[in-house]
Amino acid sequence: MTAIVTVRDLRKRYGDVEAVRGISFEVQQGEVFGLLGPNGAGKTTTVEILEGLRKLDGGEAIVDGIDVTKESQKAKERVGVQLQQSAFPENFTAKETVELFALCYNVKVDALALLKQVDLEDKAGQKQEKLSGGQRQRLSIATALVNRPRVLFLDEPTTGLDPQARRNLWDLVREIRQSGTTVFLTTHYMDEAEVLCDRVAVMDHGQIIAMDPPRTLITALLGRGFSKPVIQQQANLEDVFLDLTGHELRED
Amino acid sequence: MAQALRLTVMYFRAYLRDRTAIFFSLVVPLMLLLIFGSLNLGAFGKVSIAVDDQANDPASQQFVATIQKIDTLIVTRDTADSALAKLKRTELDMLLVIPKDFAIAPARPGQTVPTLTIYGNASRPQQTSVGESIINEVVTRLSYAVNQTAPIVGLKVEDVQGVRLRYVDFLVPGILGVNVMQLAIFSVAFALVVDKRRGVLRRLMATPLRPATFLASQVVTRLIMATVQVLIMLGVAVFLFDVHPLGGILPLLLVSLFGAVLFLTIGFALAGWAETENQVPAIAQLITLPQFFFSGVFFSKEASPEVIRPVTNLLPLTFLNDALREISVQGATLWDVRTQLLGLLVWTIIGFALAVRFFRFERF
């Protein structure tokens, strides 16, 4: 396995606040890597440095062999980005939005094929501002794929989505991973990390406090003698919700 | 370059779909022109003047007959007292009093010259100044005739212009200027503040797209819009109101676009400064409203209080309107209005510096 993202002793401060305090990790090519942590832990800052949107104060960040501080333009060409708030220019249709981003990367794409990949081909001619939250997240992923990125960064991709849209997005992430793209995501939903991520790093107060596959972390916790009252329950409320309302995506 | 061009095409297409933007950049300017142009089309074309002929002799009658032949003047006979009352009610533009000692003869040394008195209507400075210049011209001609001298400087051009100036001729360049200002400041400030606040600009900056390319596409989109706006307005002015821009359409368009560039820099500075789109109208009005009234859009800037004129004469829109008006009404060339263009250039540099200082792609 080879590392596609390498971070060494990364530091970033805003005024008096040390947002990231010397973290180091590697992301392996082809895996889904999750950066977990409560709000304000420093996840977004870390991701935005890797995306070339922020300057680091110390340490080193390398993406696909490129130092993001020294060659941020070149690094931007290699990665796909979904920001926490996905907003696009108004009065652009979904198809035009994809074309706009292709133009930003100066590449040619089959916009319809990309929209089909994210299950939006029937919304191609619709203005992007008329799309639902889940649809806009999927459009956002389509725009992040126009340059065939080596690494796809997803910053809290399912925040605010209904259970159907969340599951649909998980399927999409799995497909993207299957096509060979490395996925780097942040989330504060532990179920999401558990089902999607090959490895997770847990971040708090600007530091990484644990990093391993989810299973390993759980086993280690149990090994330390952790137990919680076990209620034998073959289903939870979300299962009930999905059973009642179905798995099909809703168009709101 | 090809990238910037294609980006411009995409943004322009989106702009055309924005009904609000179209309304404010095309419909509102057209309404302004139609309303103000037609409101005053007849009334402002002529200058109504009352004559109190206190001399009432052949010389004065000849003088009155001369001014009665002038097309622009509507001449009525009245007494000074009654006419002054009408002036106060704005039923008249001016009153001309011909004194008892009026004569058309060379003055002997030591003799006082008969003095014509003109009372102007201060609320209609445009009419008053046109009327004054006509009377002045008639008197000058009479003096030349009596003294058997030829004018030192030919005044024919001045005469023709003074007589033909209608309100709509005066109005059109002002309307062009003010709308270019509104379009440039508002469209850029609103759109970019919204995109900034919603994170659109940030998302674009996560791609390798160069900021300069993006900004160029935004500027060119607005300049195309301004061109369309100016041409439509000039079209209406020429075909509906029979306005004939003496200096030609192209110089008017070029100067308008220069003005648009200047106001775009202010729009970008404003877009950079404002955090939310709610702050935009307040500040934009603060910038545009004084210019709306003091830069000679609907009435001559000479109508503004004298104390503030040193300031109002330096406003960006004043330079723009003066240049446009001289080109349109007096047939000035670009070289003739170089002072105003220099003023615009200075403002553009100031605006550019402000834009560079304030405009950011992010909120923080």
# chains A, B, ... in the order shown; residues from 1 in each chain; ligands from 1
call {"tool": "interface_residues", "arguments": {"of": "chain A", "to": "chain B", "cutoff": "9 Å", "atoms": "only C-alpha atoms", "output": "compact mmCIF listing (two decimals) with C-alpha atoms, in the first residue's frame"}}
result
# COMPACT_ATOMS: atom_id res chain seq x y z
CA GLU A 48 -9.17 22.80 3.93
CA GLU A 51 -7.56 21.14 -0.35
CA GLY A 52 -5.25 24.14 -0.76
CA LEU A 53 -7.84 26.59 0.62
CA SER A 72 -1.33 24.65 -4.30
CA GLN A 73 -2.55 25.18 -7.88
CA LYS A 74 -1.10 21.86 -8.97
CA ALA A 75 -2.47 20.13 -5.89
CA LYS A 76 -5.93 21.53 -6.62
CA GLU A 77 -5.83 19.85 -10.02
CA VAL A 79 -8.18 16.53 -5.82
CA GLY A 80 -11.95 16.73 -5.81
CA VAL A 81 -13.62 18.91 -3.23
CA GLN A 82 -16.99 19.00 -1.55
CA LEU A 83 -17.21 21.79 0.98
CA GLN A 85 -21.88 24.14 2.42
CA SER A 86 -22.37 23.21 -1.19
CA ALA A 87 -23.45 26.33 -3.01
CA PHE A 88 -23.27 27.08 -6.70
CA PRO A 89 -23.90 30.16 -8.81
CA GLU A 90 -27.58 30.90 -9.32
CA ASN A 91 -29.34 30.56 -12.64
CA PHE A 92 -27.09 27.68 -13.68
CA THR A 93 -28.79 24.35 -14.46
CA GLU A 96 -24.28 23.82 -16.64
CA LEU A 100 -18.77 25.30 -15.18
CA PHE A 101 -16.53 23.22 -12.93
CA LEU A 103 -14.16 24.71 -17.30
CA CYS A 104 -12.55 25.72 -14.00
CA TYR A 105 -10.27 22.68 -14.34
CA ASN A 106 -9.95 23.30 -18.07
call {"tool": "residues_around", "arguments": {"residues": "range 332-340 of chain B", "least_positions_apart": "5", "cutoff": "7 Å", "atoms": "only C-alpha atoms", "output": "PyMOL selection string"}}
result
chain B and resi 247+251+319-320+323+326-327
call {"tool": "closest_residue", "arguments": {"among": "A:Val27, A:Ala102, A:Leu172, A:Leu196", "to": "Asp119 in chain A", "atoms": "only C-alpha atoms"}}
result
A:Leu172
call {"tool": "closest_residue", "arguments": {"among": "A:Gln207, A:Ile218, A:Thr182, A:Asp9", "to": "Glu194 in chain A", "atoms": "only C-alpha atoms"}}
result
A:Ile218
call {"tool": "select_by_dssp", "arguments": {"residues": "range 117-157 of chain A", "states": "strand (DSSP E or B)", "output": "list in words"}}
result
Lys127, Val151, Leu152, Phe153, Leu154 and Asp155 of chain A
call {"tool": "select_by_dssp", "arguments": {"residues": "range 19-50 of chain A", "states": "alpha helix (DSSP H)", "output": "PyMOL selection string"}}
result
chain A and resi 43-50
call {"tool": "closest_residue", "arguments": {"among": "A:Asp191, A:Asp64, A:Asp162, A:Asp171", "to": "Ser132 in chain A", "atoms": "only C-alpha atoms"}}
result
A:Asp162
call {"tool": "residues_around", "arguments": {"residues": "Gly296 in chain B", "least_positions_apart": "4", "cutoff": "7 Å", "atoms": "only C-alpha atoms", "output": "mmCIF file with N, CA and C atoms, in the first residue's frame"}}
result
data_model
loop_
_atom_site.group_PDB
_atom_site.id
_atom_site.type_symbol
_atom_site.label_atom_id
_atom_site.label_comp_id
_atom_site.auth_asym_id
_atom_site.auth_seq_id
_atom_site.Cartn_x
_atom_site.Cartn_y
_atom_site.Cartn_z
ATOM 1 N N GLY B 174 -27.546 62.348 -19.255
ATOM 2 C CA GLY B 174 -27.621 62.149 -17.803
ATOM 3 C C GLY B 174 -28.198 60.788 -17.460
ATOM 4 N N SER B 300 -29.677 70.647 -14.349
ATOM 5 C CA SER B 300 -28.298 71.107 -14.393
ATOM 6 C C SER B 300 -27.664 71.082 -13.007
ATOM 7 N N LYS B 301 -26.402 70.687 -12.954
ATOM 8 C CA LYS B 301 -25.729 70.641 -11.659
ATOM 9 C C LYS B 301 -25.536 72.039 -11.095
ATOM 10 N N THR B 318 -20.478 63.188 -11.986
ATOM 11 C CA THR B 318 -20.435 64.503 -12.603
ATOM 12 C C THR B 318 -19.484 64.496 -13.798
ATOM 13 N N ASN B 321 -21.248 62.435 -16.559
ATOM 14 C CA ASN B 321 -22.362 63.139 -17.197
ATOM 15 C C ASN B 321 -21.884 64.327 -18.021
#
call {"tool": "residues_around", "arguments": {"residues": "Ser328 in chain B", "least_positions_apart": "6", "cutoff": "9 Å", "atoms": "only C-alpha atoms", "output": "ChimeraX atom specification"}}
result
/B:169-170,172-173,243-249,252
call {"tool": "write_last_selection", "arguments": {"atoms": "C-alpha atoms", "output": "JSON list (two decimals), in the first residue's frame"}}
result
[["chain", "number", "residue", "atom", "x", "y", "z"],
["B", 169, "ASP", "CA", -31.50, 66.45, -25.36],
["B", 170, "PHE", "CA", -30.22, 67.53, -21.98],
["B", 172, "VAL", "CA", -30.46, 61.60, -22.37],
["B", 173, "PRO", "CA", -26.73, 61.83, -21.50],
["B", 243, "VAL", "CA", -32.43, 63.19, -30.14],
["B", 244, "HIS", "CA", -29.38, 63.59, -32.34],
["B", 245, "PRO", "CA", -26.17, 63.00, -30.40],
["B", 246, "LEU", "CA", -23.88, 65.46, -32.18],
["B", 247, "GLY", "CA", -20.64, 63.75, -31.18],
["B", 248, "GLY", "CA", -21.76, 60.34, -32.43],
["B", 249, "ILE", "CA", -22.89, 57.09, -30.82],
["B", 252, "LEU", "CA", -20.90, 58.02, -26.08]]
